[in-house]
Structure formats: structure tokens, C-alpha cells
Amino acid sequence: MWKMPSLRSCYDTYVRDISIVFLLLLPLTICNAISIFVGHFLNFAALPDIAQKFFYFSNLLIGIYPIALCIITTYYLSTKHNVNPMVVVPYSLVMFIAISLSNGLVASNGLPNNPLVALLTAIVAAICCVSARLYPLDPSRLDFVSALYKQAAHFFGFLLLTIVFTRITGSIMQSSAVFKDHLSLDPLTFAGGLAYQFVLGLLGAVGINGHNFLFRVKQRLFEDTQQNISAWQFGEEPLNILSQGFYDAFLAIGGSGNSLSLLLCVLLFSREKRHIALALSALPLVMFNINELLLFGLPIIFNPTLIVPFVLVPMASFILVYSVMALGLVNPVSTIVDWMTPPFLSGYLATQNSFAGTALQIVVIGMGVLIYRPFYLHYAGKNSTDSKSMLRKMEIERSTLKSFLGDVNESMGSYISKHEVSQRISKMMNRGEFVMFYQPQVNLKDNTHLAFESLIRYRDDSGNMIPPSFISDFQMLGAIKQLDEMVIDLVLADMNALPLLQGCKVGINISAETISDRDIVDSIAERLHYYKIPATSLEIEITEEALLEDHEQISRNINALQRLGVKVAIDDFGSGYASFPHLLKYNFDKVKLDRSLLLNVKEERGQNLYQLLAKISEVTGCALVAEGVETETEKTFVESCGIDICQGFYFSRPLPLDEAIAWSKKQTETTEGNESQPAE
């Protein structure tokens, strides 16, 4: 019975997914951080022209980041749910670009620039395509035309949904614009500063640049700070405690969220080798307040666990630093230091070349480590030692870049394989032909019994007969239902040449997908009428594997077929699935015992089992067929078990139609000859 997944399970899955997505984007974020660092270093080295090249490259990387996030998220989600990303990516890009362009969410270079919209559109597109189970259009598929129109209709519906989301986004933006206009944040006051820091952290935690969102507030803060410092230098005003330098030097140590505290927390308390390696790799950049590697490597953005300390640590730091400076223990910030100035040095320079500023930064970092610690350990799974926690830890560990790239490689290999399969099927459809062979079912006590099981074969353009290994190719392409429909047509066309008036019956194997299709009964009835074949001459054979699908729909289909007059058999009975419950659940007309059961009759236990199964007909009223009878010994044993109908190489191999007709005539002539002989 299906159970609703627990919140904990959903959370662990979410953390794993978001970690994988951002890990794949790490090279881009690292290159961006390095470009910024090199640009500032070149500016410091009095090489501004070359520095601008790196800043341009950084801006370009920032510009394409949302698009890359949209594509990677779409790719991951679609692959995870077994839908080809080539189908889903156009959906997500159309929605992302449409929403961005319609609402002005673009950068100066014209590229969409909102990561939150990129993530949400990828999720919406994946949900729409996964729920519809869309597949790449392939002209080699038998249902190409219907699939084309189905996908076009689906995409048009998605465009309508995009229009709706575009309107919703516009309404949200209008509301946010009104909110910004009425948002009276004053970072130069204690309460306003706390609110300012809270909004910055919260926006950054969901992928929105808070400084851009609060641009007017940020600009006013910078101007007021410059005026205050200028007035202080002329002795006209005292230094304000709160200023642009205050926020830069003490509330972004190592980058937003005081990331240096998180990095040290990982190094001090983590046992995760991947996390430690990540922290060591990020350390050189974090020392220049570039935290992208840490921000996206764990990740922090969109991670409910790490968002809390990411927002909380700067607010706690704000209270601590403000209190210390208000008490006069540390000088107020007297300059706006460059944001890339390394921690400790920035504290020293900001507080009028005072080591007290450096000491205060050390205290702030230490407090941040203590706040981050329980949240990080919870995220890493270190705060629980029970088996379920260890399992969750293993799930998170598997979400490393290495394992993801392995998944991608396997997935791409699958798509390449499907392409090769598609080429094979396309070649088969355009050259050669599919033909049906018929293997007789012999009644040991009644020579008038005429029945065949139909088996598909392929004859290539050279006349060579190919066994049905290609069935798995149709299954891989999702075209097994179309193959079944083709088989039904081929068999019904052949049946007109068989002696149906003498009671001949023909069985057709159909797949799990076909027997669970709500339209299959109407389709069979229509084809029977088209070929003028009596329903009583047709048998539908269903494998046990098919019965693991939609039980209710299958049961309805079986009953409907029997009402038409079609016999229904369970094929390969005893081949490894839950056989006996199926006999109680479904009303079969015939049970075909799998050949594998005969392979064990050399031993006493195998004989006892077969003899027990042979009594099924007494309980269920089903006719029994022994499949795979290949030797005289097997035939004698089956007969001794009370089974009259046999099928196998001992009696006949599968025959082409003309030979099957000849075999039927021979059986009929033999029966008539026996009847014409006088009794002794």
C-alpha cells in the first residue's frame, strides 16, 4: 500500500536535490569569484584596463547564471523522474524568458537575471512534462503523428499557463514595488538597522540580490555615511556608530551571512570529508569576502536549515558590535573600506587603525561559529546516531559532484542507447516486414481441438527471419502498445485463412501497458468487426508481470473481453511472480504453465509441485496448457498429471501461416480418417 512520504523524507530529498543542482554550477560561481578577485587585484596594481576585462567577464558569468540554473535544474529534475531533458528544457526556457522579458527581470546585457524565477520555472516545467509523461518525438515510432499533435496541444496549454504565471509575477512585482516605496528602513537607527540586515539576509537566502532590491536604501546609507565622515573629519559632528563601513566590516565577514564563521564551523566540527575539502577550497576566497563557493557548495541558498543561521548570525553580530561601540570599548567605524579587504585587516582599518576592531571581529566570528554549529550539524546529520539518521547521511553523501556526474554519464549513455534503438526500429519499419508465426496447442485426447499461439517475427529485406529480440527495443522506446496493435491486426488478417468454422482459436500475447489501457477492449472489438472475425475464435494471453499493473482496470478489461466472447488466458504461470493470488483475483479461461516448471520435474519436489499445479483446473475451472513440452518423457509426465493440452517443440515449432494452415488440414484429415474407419 502506498504511503505518504514523511516530511523528513521530503526534506532530505529536497536537500539532496538542491545540493546536486548547485554543485554542478560550482565551476561557474568559482570562475565568477576568481574574476572579481583578479579584477580588484589588477586595480590595486594600477592596471585598470586589464581589470575591466575581468569585471566584464564576471558580469557575463553573473548574467548567464540564472539561465544555467534553469537548464541544470530542469535537466536534473527530468532525469530523476525518467523524462528526457530534451523535451523539458524548451518548456522551462520559454517560461523563464517570457516571464523575465514581460516583467523587466533582465540585466543590462538583456539576459534574464532572476535566479528565483529560474528555479521556479524549471520546477513548473518539470512537473508539467513529468505528469504528462512526454517523450522526444521520433518519426520511427508508430504513434509519431498522434504523439506530435499530443505534444503540440500540451505545449500550447503550457503557453497559456506561462501567460498566467507572467501575470502573477507582474502582480507580485507591483506589490513588491509598492512595498519598497512604503518600506521605511533606516539603517542609521538600531531598529532600522536590524530590519535592514534581516531583509538583506532573507532575500539573499532565496537567491535575490538584497542590495539591488534595497538599492535606494543602500544608496542613501552610502551618501549619509560619506557626509557624516566628512563632517567628523572637520570636527562638525561625532561619528555615527551605524554606517556603511559598520555593515561592510562587521556584518559580512567572509561574505554575506558572516560566512567565515560557517567555514570555521565546518573545519572545527565536521566529519564529512567532502565538506572539509569544500571549506579548505573556499578559504582563500572567503578571506577576501567572496563566499560563492561556500554559498553554493553546501548549499545555503534555498536550504531551510542553513538559511536560519545565515540570517541570524549577522543580526546577532549587529547587536554585539553596536553594543560594544556604544559602550566606547571600540572606536566607531571611520572609513568605508573596500569590500574585498580581508577580515581582521578590515576591522583594524575601519576602527581608526585600532587592534580593538580586529579583536571585535574575532569575537563576532566566534559567536557566529557557535550559532552556526547546531544548524550545520543538523544539516550534516551529525546530531543523530540512529540508523535512519545514518541512512539520511549516506543519501546526502551520495549527492556529491562525482556521483552526480556518474548519474549524468549513465543517463546520457541511456539516451545514446535509445537513439541506436530508434535507428534499428526505423530501419525495420522501412525495410523488410513483420510476420506472424503460429505454434500449435495439441489436445492429447481430442484431435479435433485446433488452437495456436501467435508469435511475432521479422523478415529482413534479404529474407532472413529474425527472432523477437526486437520487442525490448519497442519497450525502450515506449512503443510496445503500438507493437501490440500491429500484432492484433496481423493476426486477425491471418485468421481469415484458418479453419475458424471448425473451432480453431488463436491466442495473442499483449503487454502490461496494453491490457491496462482503458480503450483496449473497444479497439479489439472494432478490429474484430473490421476483419469479420468471431470473438469466440480469439484468445488474449496476459503474462503474470502484466497483472502487477493497475488491478482494477485490468479486471474491468478482462471481464469486458469475456463478455465479447474473447477467451482470456494467463501466460507463463509460475514463472516467478505472485501466481496464486492472481487466480483468485481474475476470472481466467485458461492457465498456461510456464516451461520453467517442467525443468524441475527430474526431482521429486519438482514433480510434486507440477502435480499440485495440475489440480488448479479442478478449483478454478480453467483449462490447463503445459508449455514447453520438448521430449517424450515430458509429454508422458504431463499426461500423467491429467493435463490434456500441450504446447512445445515436441509437437511442433512455431510455423509460418501457410504451414500452420497445412498443419490444421492434416489434423482435420487425420480426425476425419479416424472417424471414417469402422470400429472393430
# chains A, B, ... in the order shown; residues from 1 in each chain; ligands from 1

$ select_by_dssp --residues "segment 257-489 of chain A" --states "alpha helix (DSSP H)" --output "number ranges by chain"
A: 259-269, 273-286, 292-297, 304-326, 345-350, 355-380, 387-397, 401-430, 471-476, 480-489

$ write_last_selection --atoms "C-alpha atoms" --output "compact mmCIF listing (two decimals), in the first residue's frame"
# COMPACT_ATOMS: atom_id res chain seq x y z
CA SER A 259 30.42 33.15 6.01
CA LEU A 260 33.83 32.90 7.67
CA SER A 261 32.03 31.68 10.80
CA LEU A 262 30.35 28.90 8.81
CA LEU A 263 33.64 27.93 7.18
CA LEU A 264 35.39 27.66 10.56
CA CYS A 265 32.40 25.74 11.93
CA VAL A 266 32.81 23.17 9.15
CA LEU A 267 36.56 22.86 9.71
CA LEU A 268 36.19 22.54 13.50
CA PHE A 269 33.19 20.24 13.83
CA LYS A 273 35.35 14.75 4.11
CA ARG A 274 33.52 16.46 1.27
CA HIS A 275 32.52 19.40 3.47
CA ILE A 276 36.03 19.77 4.87
CA ALA A 277 37.52 19.72 1.38
CA LEU A 278 34.95 22.29 0.30
CA ALA A 279 35.78 24.56 3.24
CA LEU A 280 39.51 24.34 2.57
CA SER A 281 38.94 25.13 -1.09
CA ALA A 282 36.74 28.10 -0.19
CA LEU A 283 39.11 29.51 2.44
CA PRO A 284 41.33 31.58 0.09
CA LEU A 285 38.25 33.24 -1.46
CA VAL A 286 36.40 33.70 1.82
CA GLU A 292 30.10 31.82 -3.62
CA LEU A 293 31.96 28.53 -3.31
CA LEU A 294 30.66 28.03 0.22
CA LEU A 295 27.25 29.53 -0.52
CA PHE A 296 26.50 27.13 -3.36
CA GLY A 297 28.69 24.22 -2.33
CA PRO A 304 15.81 25.72 5.06
CA THR A 305 18.28 24.52 7.68
CA LEU A 306 21.19 26.84 6.85
CA ILE A 307 19.01 29.84 5.95
CA VAL A 308 18.20 30.37 9.65
CA PRO A 309 21.77 30.97 10.86
CA PHE A 310 22.61 32.73 7.60
CA VAL A 311 20.05 35.39 8.55
CA LEU A 312 20.52 35.16 12.32
CA VAL A 313 24.31 35.49 12.61
CA PRO A 314 24.57 38.99 11.04
CA MET A 315 21.66 40.19 13.21
CA ALA A 316 23.31 38.86 16.37
CA SER A 317 26.58 40.41 15.21
CA PHE A 318 24.79 43.71 14.67
CA ILE A 319 23.58 43.76 18.29
CA LEU A 320 27.00 42.77 19.64
CA VAL A 321 29.05 45.27 17.62
CA TYR A 322 26.59 48.10 18.18
CA SER A 323 26.62 47.47 21.94
CA VAL A 324 30.42 47.34 22.15
CA MET A 325 30.83 50.57 20.19
CA ALA A 326 28.02 52.30 22.10
CA LEU A 345 42.69 43.85 8.44
CA SER A 346 39.32 45.42 7.62
CA GLY A 347 38.48 45.65 11.34
CA TYR A 348 41.79 47.30 12.05
CA LEU A 349 41.45 49.87 9.22
CA ALA A 350 37.77 50.57 9.83
CA PHE A 355 43.55 46.41 17.06
CA ALA A 356 40.38 46.54 19.11
CA GLY A 357 38.49 46.39 15.82
CA THR A 358 40.37 43.21 14.91
CA ALA A 359 39.64 41.71 18.32
CA LEU A 360 35.97 42.58 17.93
CA GLN A 361 35.89 40.78 14.56
CA ILE A 362 37.41 37.70 16.22
CA VAL A 363 34.65 37.77 18.88
CA VAL A 364 32.00 38.20 16.17
CA ILE A 365 33.39 35.25 14.22
CA GLY A 366 33.49 33.08 17.34
CA MET A 367 29.89 33.91 18.20
CA GLY A 368 28.92 33.13 14.60
CA VAL A 369 30.59 29.72 14.83
CA LEU A 370 28.56 28.91 17.95
CA ILE A 371 25.31 29.94 16.26
CA TYR A 372 26.06 28.07 13.04
CA ARG A 373 27.17 24.90 14.83
CA PRO A 374 23.81 23.24 15.76
CA PHE A 375 22.27 24.14 12.41
CA TYR A 376 25.23 22.82 10.45
CA LEU A 377 25.40 19.60 12.46
CA HIS A 378 21.69 19.10 11.89
CA TYR A 379 22.19 19.63 8.17
CA ALA A 380 25.18 17.29 8.03
CA SER A 387 20.23 4.05 11.82
CA LYS A 388 17.73 6.23 9.99
CA SER A 389 19.94 9.26 10.52
CA MET A 390 22.93 7.37 9.19
CA LEU A 391 20.89 6.39 6.14
CA ARG A 392 19.96 10.03 5.56
CA LYS A 393 23.62 10.94 5.92
CA MET A 394 24.51 8.39 3.23
CA GLU A 395 21.87 9.89 0.93
CA ILE A 396 23.37 13.36 1.32
CA GLU A 397 26.87 11.98 0.84
CA LEU A 401 29.55 16.19 -7.77
CA LYS A 402 31.29 12.91 -8.54
CA SER A 403 28.18 10.78 -8.02
CA PHE A 404 26.04 13.26 -9.94
CA LEU A 405 28.39 13.25 -12.90
CA GLY A 406 28.20 9.48 -12.77
CA ASP A 407 24.42 9.69 -12.94
CA VAL A 408 24.67 12.13 -15.85
CA ASN A 409 27.06 9.82 -17.67
CA GLU A 410 24.75 6.86 -17.16
CA SER A 411 21.76 8.91 -18.25
CA MET A 412 23.50 10.14 -21.40
CA GLY A 413 24.51 6.58 -22.17
CA SER A 414 20.85 5.62 -21.91
CA TYR A 415 19.85 8.33 -24.37
CA ILE A 416 22.56 7.25 -26.80
CA SER A 417 21.30 3.68 -26.48
CA LYS A 418 17.73 4.84 -27.16
CA HIS A 419 18.95 6.65 -30.24
CA GLU A 420 20.56 3.46 -31.51
CA VAL A 421 17.37 1.52 -30.76
CA SER A 422 15.33 4.16 -32.59
CA GLN A 423 17.56 3.75 -35.63
CA ARG A 424 17.10 -0.03 -35.57
CA ILE A 425 13.31 0.22 -35.29
CA SER A 426 13.19 2.86 -38.03
CA LYS A 427 15.16 0.56 -40.31
CA MET A 428 12.83 -2.35 -39.52
CA MET A 429 9.75 -0.25 -40.27
CA ASN A 430 11.10 0.91 -43.61
CA ILE A 471 10.37 -6.48 -28.56
CA SER A 472 12.63 -4.98 -25.89
CA ASP A 473 13.51 -2.20 -28.35
CA PHE A 474 9.84 -1.26 -28.66
CA GLN A 475 9.56 -1.30 -24.86
CA MET A 476 12.54 1.04 -24.51
CA ILE A 480 5.06 -1.53 -27.04
CA LYS A 481 1.34 -0.67 -27.19
CA GLN A 482 1.72 0.25 -30.87
CA LEU A 483 3.51 -3.07 -31.48
CA ASP A 484 0.63 -4.92 -29.79
CA GLU A 485 -1.88 -3.12 -32.01
CA MET A 486 0.13 -4.09 -35.09
CA VAL A 487 0.24 -7.73 -33.93
CA ILE A 488 -3.53 -7.76 -33.40
CA ASP A 489 -4.05 -6.52 -36.97

$ residues_around --residues "Lys590 of chain A" --least-positions-apart "4" --cutoff "8 Å" --atoms "only C-alpha atoms" --output "list in words"
Lys567, Val568, Ala569, Ile570, Cys622, Ala623, Leu624 and Val625 of chain A

$ write_last_selection --atoms "N, CA and C atoms" --output "PDB file, in the first residue's frame"
ATOM      1  N   LYS A 567     -11.722 -15.319 -25.163  1.00  0.00           N
ATOM      2  CA  LYS A 567     -11.156 -16.062 -24.040  1.00  0.00           C
ATOM      3  C   LYS A 567      -9.907 -15.337 -23.535  1.00  0.00           C
ATOM      4  N   VAL A 568      -9.684 -15.428 -22.246  1.00  0.00           N
ATOM      5  CA  VAL A 568      -8.526 -14.755 -21.643  1.00  0.00           C
ATOM      6  C   VAL A 568      -7.709 -15.784 -20.884  1.00  0.00           C
ATOM      7  N   ALA A 569      -6.413 -15.840 -21.183  1.00  0.00           N
ATOM      8  CA  ALA A 569      -5.510 -16.807 -20.550  1.00  0.00           C
ATOM      9  C   ALA A 569      -4.410 -16.080 -19.792  1.00  0.00           C
ATOM     10  N   ILE A 570      -3.935 -16.693 -18.725  1.00  0.00           N
ATOM     11  CA  ILE A 570      -2.753 -16.193 -18.042  1.00  0.00           C
ATOM     12  C   ILE A 570      -1.568 -16.992 -18.538  1.00  0.00           C
ATOM     13  N   CYS A 622     -10.511 -23.540 -14.909  1.00  0.00           N
ATOM     14  CA  CYS A 622      -9.738 -23.082 -16.071  1.00  0.00           C
ATOM     15  C   CYS A 622      -9.191 -24.284 -16.836  1.00  0.00           C
ATOM     16  N   ALA A 623      -9.090 -24.127 -18.141  1.00  0.00           N
ATOM     17  CA  ALA A 623      -8.364 -25.109 -18.942  1.00  0.00           C
ATOM     18  C   ALA A 623      -6.880 -24.942 -18.683  1.00  0.00           C
ATOM     19  N   LEU A 624      -6.129 -26.058 -18.685  1.00  0.00           N
ATOM     20  CA  LEU A 624      -4.694 -26.018 -18.430  1.00  0.00           C
ATOM     21  C   LEU A 624      -3.926 -26.346 -19.702  1.00  0.00           C
ATOM     22  N   VAL A 625      -2.820 -25.604 -19.906  1.00  0.00           N
ATOM     23  CA  VAL A 625      -1.932 -25.862 -21.030  1.00  0.00           C
ATOM     24  C   VAL A 625      -0.520 -26.017 -20.480  1.00  0.00           C
TER      25      VAL A 625
END

$ closest_residue --among "A:Ala525, A:Leu613, A:Ile127, A:Leu498" --to "Leu657 of chain A" --atoms "only C-alpha atoms"
A:Leu498

$ residues_around --residues "Asn289 of chain A" --least-positions-apart "3" --cutoff "6 Å" --atoms "only C-alpha atoms" --output "list in words"
Gly254, Gly255, Val286 and Met340 of chain A

$ write_last_selection --atoms "N, CA and C atoms" --output "PDB file, in the first residue's frame"
ATOM      1  N   GLY A 254      33.835  37.535   5.607  1.00  0.00           N
ATOM      2  CA  GLY A 254      33.918  36.346   4.764  1.00  0.00           C
ATOM      3  C   GLY A 254      32.832  36.313   3.707  1.00  0.00           C
ATOM      4  N   GLY A 255      32.036  37.358   3.657  1.00  0.00           N
ATOM      5  CA  GLY A 255      30.926  37.415   2.713  1.00  0.00           C
ATOM      6  C   GLY A 255      29.597  37.458   3.451  1.00  0.00           C
ATOM      7  N   VAL A 286      37.132  33.134   0.682  1.00  0.00           N
ATOM      8  CA  VAL A 286      36.397  33.703   1.818  1.00  0.00           C
ATOM      9  C   VAL A 286      37.237  34.751   2.532  1.00  0.00           C
ATOM     10  N   MET A 340      36.441  43.937  -0.427  1.00  0.00           N
ATOM     11  CA  MET A 340      37.308  42.768  -0.547  1.00  0.00           C
ATOM     12  C   MET A 340      38.468  42.794   0.419  1.00  0.00           C
TER      13      MET A 340
END

$ closest_residue --among "A:Val333, A:Leu148, A:Ile62, A:Ile163" --to "Ile241 of chain A" --atoms "only C-alpha atoms"
A:Val333
